[in-house]
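Trainee: This is the structure, below, for whatever I ask next.
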Amino acid sequence: MLQFPCKGGITVSQAVQNKDYLFMKVYDYVQNRIERNEWKEHEKIPSVRQLSSDMNVHRLTVLKAYQLLKQHGKVYVKDKAGYFVQSNTAKDLDLDNPIISAYVQQNHLSEIHQSPVAYNFSQALLDPNLLPNHYFSDYVKKVFDLYPKVLATYSTVQGDSELRETLTQYFISQYKTHFSADQLLITSGSQQAIHLIAQTFIKPRDVVLIERPSYSAAIDIFSAQGAQIITIDIHPDGYDLNQVEACMKQYKPRLFYLNPTFHNPTGYTVSAAQRKKLVELAEQYQCLLIEDDAYHDIYFSQAPPSPIYTYDTAGTVIYIRSFCKYISPGLRIAAVICQSSLMTSLLTAKSLADNGSPLLNQKIFLHYFSSIRLQQHIEKIRIALQIRKEIMEEELAVTDWKWISPEGGLNLWVKLPEELPTEMLLTKSLEQSISFVPGQVCDPLKKLSSWIRLSYSYANEKQLREGMKNFVAIAQSLSEQIG
């Protein structure tokens, strides 16, 4: 899947006149139809004449794209018959080719997570020992006492009404907003919510704005849906709103996926003033804002600004609030809040996905979420995570690496020296039972090769000390070897 960074000085007319842009657009469109299995193996694809007419581009542009698709093993030619889809198109791919590398590498993070390591700095999850596992067993027993038929009952597609009403009242109380439980959907984690949104609102070649860097699963989901991704840089103080407006004006995006609170992977938080302005821009340019808020309660000193959706009066924001990271990853509970017209379409997608999240999970979560123990648990989590973050930073202090200490969340976003090869560092680290996330995995453009994400949440304090000392030693040794 191709991605194009948005630069404020480039106009739509200039981009359209650019031959490389048009050629890549055709290549991307055809490749996506094949990858989505809309065009089957050995099926004839549109003729050069037909596709040039459909896409309003020159025939030579289509021919050039078809020739490169043939070179990359995506299609083949039959004399006087046209172009056909090649079988086994996923093999022998050129990973150095920027046109196809993003798609090929979309499972790279999953492969890292699956590596069994003693020092896990790649997973942005809580150390299971920080969770109230003993209390959970009590709540499970309580749920079976209260709902003896819970295992024999499906949830509704939208989610358990008792849980939706409880969460609705919670959000109204917390943020002084007003909406009904009918505008709240329960999903099996935030990743499912993103997937449902992409399926519902994105067609191939629709423009989607995504932060750079961003949550890797979201990049993969929108790419797999066939979106044309335009990147918006995120900085320690938020976004360049001129860049955001330029992109909205030029590319007319269907939506902007953003993670403005303790952003993954950077840890940055967008100010209240920018949140308000983003809503104004979204209304002006008719762009949906997809606000992914997975870390809102994981702050160390000061609570973050209210979510973007609290500034929305026109229904331009779809808000995703995940509780997986710090309450119970195994229950996989997230809430989606949006206006009723959008909810109707999401419910259709949800019914086709799983016909409703497991009722038992929702009931267990409901009773824990409503308890006094939850607030005590979250306060302990904040203290434990701040200590672990400080340990990781202490061990990194002996290096000349750069990072900005986050005020919440689970990750450090670290800049390495340019000459230190990240992929080689990852290979040597995995050999020593240490994992981390290369920045390229979090980059829609696959170019942030000098950055890495280190998660301080999964390893305990002893593992953090030992693992980070070993990791720094590996990096220093590698620097000496290549120096």
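Every chain in the structure tokens takes a letter, A first, then B, and so on in the order presented; its residues are numbered from 1, and the ligands are numbered from 1 following the presented order.
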If you run DSSP over the backbone, which residues in stretch 192-429 of chain A end up strand (DSSP E or B)? Put them as a PyMOL selection string.
Mentor: chain A and resi 207-212+228-235+238-239+255-258+288-293+299+317-322+334-337+402+408+411-415
Trainee: Based on the selection just made, write C-alpha atoms of those residues as a PDB file, in the first residue's frame.
Mentor:
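Saved the output as selection23.pdb:
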ATOM      1  CA  VAL A 207      -7.939   9.197   1.749  1.00  0.00           C
ATOM      2  CA  VAL A 208      -7.189   8.617   5.423  1.00  0.00           C
ATOM      3  CA  LEU A 209      -5.053  10.928   7.552  1.00  0.00           C
ATOM      4  CA  ILE A 210      -2.842   9.128  10.070  1.00  0.00           C
ATOM      5  CA  GLU A 211      -0.298  10.509  12.500  1.00  0.00           C
ATOM      6  CA  ARG A 212       3.354   9.844  11.852  1.00  0.00           C
ATOM      7  CA  GLN A 228      -4.585   6.101   0.502  1.00  0.00           C
ATOM      8  CA  ILE A 229      -2.709   7.174   3.612  1.00  0.00           C
ATOM      9  CA  ILE A 230      -1.611  10.778   4.127  1.00  0.00           C
ATOM     10  CA  THR A 231       0.630  11.365   7.126  1.00  0.00           C
ATOM     11  CA  ILE A 232       0.362  14.132   9.719  1.00  0.00           C
ATOM     12  CA  ASP A 233       3.470  14.693  11.827  1.00  0.00           C
ATOM     13  CA  ILE A 234       2.982  14.655  15.583  1.00  0.00           C
ATOM     14  CA  HIS A 235       5.366  16.671  17.767  1.00  0.00           C
ATOM     15  CA  GLY A 238       0.941  18.337  19.148  1.00  0.00           C
ATOM     16  CA  TYR A 239       0.267  18.931  15.454  1.00  0.00           C
ATOM     17  CA  LEU A 255     -11.281  10.433   8.232  1.00  0.00           C
ATOM     18  CA  PHE A 256      -8.338  11.331  10.465  1.00  0.00           C
ATOM     19  CA  TYR A 257      -7.223   8.572  12.837  1.00  0.00           C
ATOM     20  CA  LEU A 258      -5.494  10.064  15.863  1.00  0.00           C
ATOM     21  CA  LEU A 288     -14.462  12.252  10.600  1.00  0.00           C
ATOM     22  CA  LEU A 289     -12.068  12.278  13.562  1.00  0.00           C
ATOM     23  CA  ILE A 290     -11.374   8.806  14.952  1.00  0.00           C
ATOM     24  CA  GLU A 291     -10.072   9.378  18.477  1.00  0.00           C
ATOM     25  CA  ASP A 292      -8.326   6.321  19.909  1.00  0.00           C
ATOM     26  CA  ASP A 293      -7.949   6.762  23.678  1.00  0.00           C
ATOM     27  CA  TYR A 299      -1.050   9.567  33.897  1.00  0.00           C
ATOM     28  CA  VAL A 317     -15.903  12.480  16.182  1.00  0.00           C
ATOM     29  CA  ILE A 318     -15.981   8.731  16.751  1.00  0.00           C
ATOM     30  CA  TYR A 319     -14.464   8.112  20.171  1.00  0.00           C
ATOM     31  CA  ILE A 320     -12.815   4.787  21.059  1.00  0.00           C
ATOM     32  CA  ARG A 321     -12.078   4.238  24.733  1.00  0.00           C
ATOM     33  CA  SER A 322     -10.226   1.037  25.531  1.00  0.00           C
ATOM     34  CA  ALA A 334     -13.684  -1.123  24.629  1.00  0.00           C
ATOM     35  CA  ALA A 335     -16.437   1.443  24.120  1.00  0.00           C
ATOM     36  CA  VAL A 336     -17.211   3.382  20.928  1.00  0.00           C
ATOM     37  CA  ILE A 337     -19.197   6.621  21.190  1.00  0.00           C
ATOM     38  CA  LYS A 402      17.333  11.225  22.777  1.00  0.00           C
ATOM     39  CA  GLY A 408       1.729   8.965  31.056  1.00  0.00           C
ATOM     40  CA  ASN A 411       6.219   3.706  26.165  1.00  0.00           C
ATOM     41  CA  LEU A 412       9.409   5.637  25.531  1.00  0.00           C
ATOM     42  CA  TRP A 413      10.042   6.839  21.971  1.00  0.00           C
ATOM     43  CA  VAL A 414      13.820   6.892  21.631  1.00  0.00           C
ATOM     44  CA  LYS A 415      16.064   8.390  18.932  1.00  0.00           C
TER      45      LYS A 415
END
Trainee: Could you make a table, as CSV, of the residues of stretch 273-341 of chain A that have an atom within 12 Å of an atom of stretch 134-144 of chain A, each with its nearest atom pair and distance in Å to one decimal, counting only C-alpha atoms, in chain and number order?
Mentor:
residue,atom,partner,partner_atom,distance
A:Ile327,CA,A:Phe136,CA,10.3
A:Ser328,CA,A:Phe136,CA,9.2
A:Gly330,CA,A:Phe136,CA,11.2
A:Leu331,CA,A:Phe136,CA,10.9
Trainee: So which residues touch A:Lys350 within 12 Å, counting only C-alpha atoms, skipping near sequence neighbours fewer than 4 positions away, as a short mmCIF file (atom, residue, chain, number, x, y, z; two decimals) with N, CA and C atoms, in the first residue's frame?
Mentor:
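File around18.cif, as written:
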data_model
loop_
_atom_site.label_atom_id
_atom_site.label_comp_id
_atom_site.auth_asym_id
_atom_site.auth_seq_id
_atom_site.Cartn_x
_atom_site.Cartn_y
_atom_site.Cartn_z
N THR A 156 -26.47 -8.67 23.26
CA THR A 156 -26.97 -7.97 22.09
C THR A 156 -25.79 -7.50 21.26
N VAL A 157 -26.02 -7.20 19.99
CA VAL A 157 -24.95 -6.75 19.11
C VAL A 157 -24.27 -5.50 19.65
N GLN A 158 -25.06 -4.58 20.17
CA GLN A 158 -24.50 -3.30 20.63
C GLN A 158 -23.79 -3.44 21.97
N GLY A 159 -24.06 -4.51 22.70
CA GLY A 159 -23.44 -4.71 24.00
C GLY A 159 -24.47 -4.77 25.11
N LEU A 185 -21.31 1.73 21.81
CA LEU A 185 -21.15 0.35 21.34
C LEU A 185 -20.01 -0.32 22.10
N ILE A 186 -20.23 -1.54 22.55
CA ILE A 186 -19.17 -2.34 23.18
C ILE A 186 -18.49 -3.19 22.11
N THR A 187 -17.15 -3.10 22.05
CA THR A 187 -16.40 -3.93 21.11
C THR A 187 -15.38 -4.78 21.87
N SER A 188 -14.85 -5.76 21.18
CA SER A 188 -13.83 -6.63 21.77
C SER A 188 -12.46 -6.00 21.59
N GLN A 192 -10.59 -4.05 17.35
CA GLN A 192 -11.81 -4.41 16.63
C GLN A 192 -12.59 -3.16 16.26
N ALA A 193 -12.62 -2.18 17.15
CA ALA A 193 -13.33 -0.94 16.86
C ALA A 193 -12.75 -0.25 15.62
N ILE A 194 -11.43 -0.17 15.55
CA ILE A 194 -10.78 0.44 14.39
C ILE A 194 -11.12 -0.34 13.12
N HIS A 195 -11.11 -1.65 13.24
CA HIS A 195 -11.41 -2.50 12.09
C HIS A 195 -12.84 -2.30 11.61
N LEU A 196 -13.78 -2.22 12.54
CA LEU A 196 -15.18 -1.99 12.17
C LEU A 196 -15.35 -0.63 11.50
N ILE A 197 -14.68 0.38 12.02
CA ILE A 197 -14.75 1.72 11.43
C ILE A 197 -14.20 1.72 10.01
N ALA A 198 -13.05 1.07 9.82
CA ALA A 198 -12.45 0.99 8.49
C ALA A 198 -13.38 0.27 7.51
N GLN A 199 -13.94 -0.86 7.94
CA GLN A 199 -14.86 -1.60 7.08
C GLN A 199 -16.09 -0.78 6.73
N THR A 200 -16.56 0.00 7.67
CA THR A 200 -17.82 0.73 7.49
C THR A 200 -17.66 1.99 6.64
N VAL A 336 -17.21 2.45 22.06
CA VAL A 336 -17.21 3.38 20.93
C VAL A 336 -18.40 4.32 21.11
N MET A 343 -23.70 5.18 14.24
CA MET A 343 -23.84 3.96 15.02
C MET A 343 -24.60 2.88 14.24
N THR A 344 -25.61 3.27 13.50
CA THR A 344 -26.41 2.30 12.73
C THR A 344 -25.53 1.49 11.79
N SER A 345 -24.63 2.17 11.10
CA SER A 345 -23.73 1.47 10.17
C SER A 345 -22.73 0.60 10.91
N LEU A 346 -22.22 1.09 12.05
CA LEU A 346 -21.26 0.30 12.83
C LEU A 346 -21.91 -0.97 13.38
N ASP A 354 -19.10 -10.51 14.84
CA ASP A 354 -19.22 -11.54 15.88
C ASP A 354 -20.59 -11.56 16.56
N ASN A 355 -21.50 -10.71 16.05
CA ASN A 355 -22.86 -10.65 16.59
C ASN A 355 -22.91 -10.24 18.06
N GLY A 356 -21.87 -9.56 18.52
CA GLY A 356 -21.84 -9.09 19.90
C GLY A 356 -20.68 -9.68 20.68
N SER A 357 -20.02 -8.83 21.48
CA SER A 357 -18.90 -9.30 22.32
C SER A 357 -19.41 -10.23 23.41
#
Trainee: Step one, run DSSP on the backbone; step two, keep only residues of stretch 164-199 of chain A assigned to helix (DSSP H, G or I); then write them as a PyMOL selection string.
Mentor: chain A and resi 164-175+181-183+190-199
Trainee: A:Val85: which residues within 10 Å, counting only C-alpha atoms, same-chain residues fewer than 4 positions away excluded, as a list in words?
Mentor: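 Counting only C-alpha atoms, the residues come to Val30, Gln31, Ile34, Trp39, Lys40, Glu41, His42, Glu43, Lys44, Ile45, Leu69, Lys70, Gly73, Lys74, Val75, Tyr76, Val77 and Thr89 of chain A.
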Trainee: Between atom CA of A:Ser190 and atom CA of A:Ile383, what is the distance, to one decimal in Å?
Mentor: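 Going from atom CA of A:Ser190 over to atom CA of A:Ile383, I get 24.7 Å.
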Trainee: Restricting the calculation to only C-alpha atoms, which member of A:Ala273, A:Ile434, A:Ala314, A:Leu184 is positioned closest to A:Cys338?
Mentor: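 That would be A:Leu184, the residue with the smallest distance to A:Cys338.
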Trainee: Return the single residue from A:Thr177, A:Ser449, A:Ser87, A:Asn56 that is closest to A:Asp312, with distances computed using only C-alpha atoms.
Mentor: A:Thr177
Trainee: Name the residues in contact with A:Val48 at a cut-off of 10 Å, using only C-alpha atoms, excluding same-chain residues fewer than 5 positions from it; report them as number ranges by chain.
Mentor: A: 53-54, 58-66, 82-83
Trainee: Of the candidates A:Asp220, A:Lys277, A:Thr166, A:Asn37, which one gets nearest to A:Glu245 if we count only C-alpha atoms?
Mentor: A:Lys277
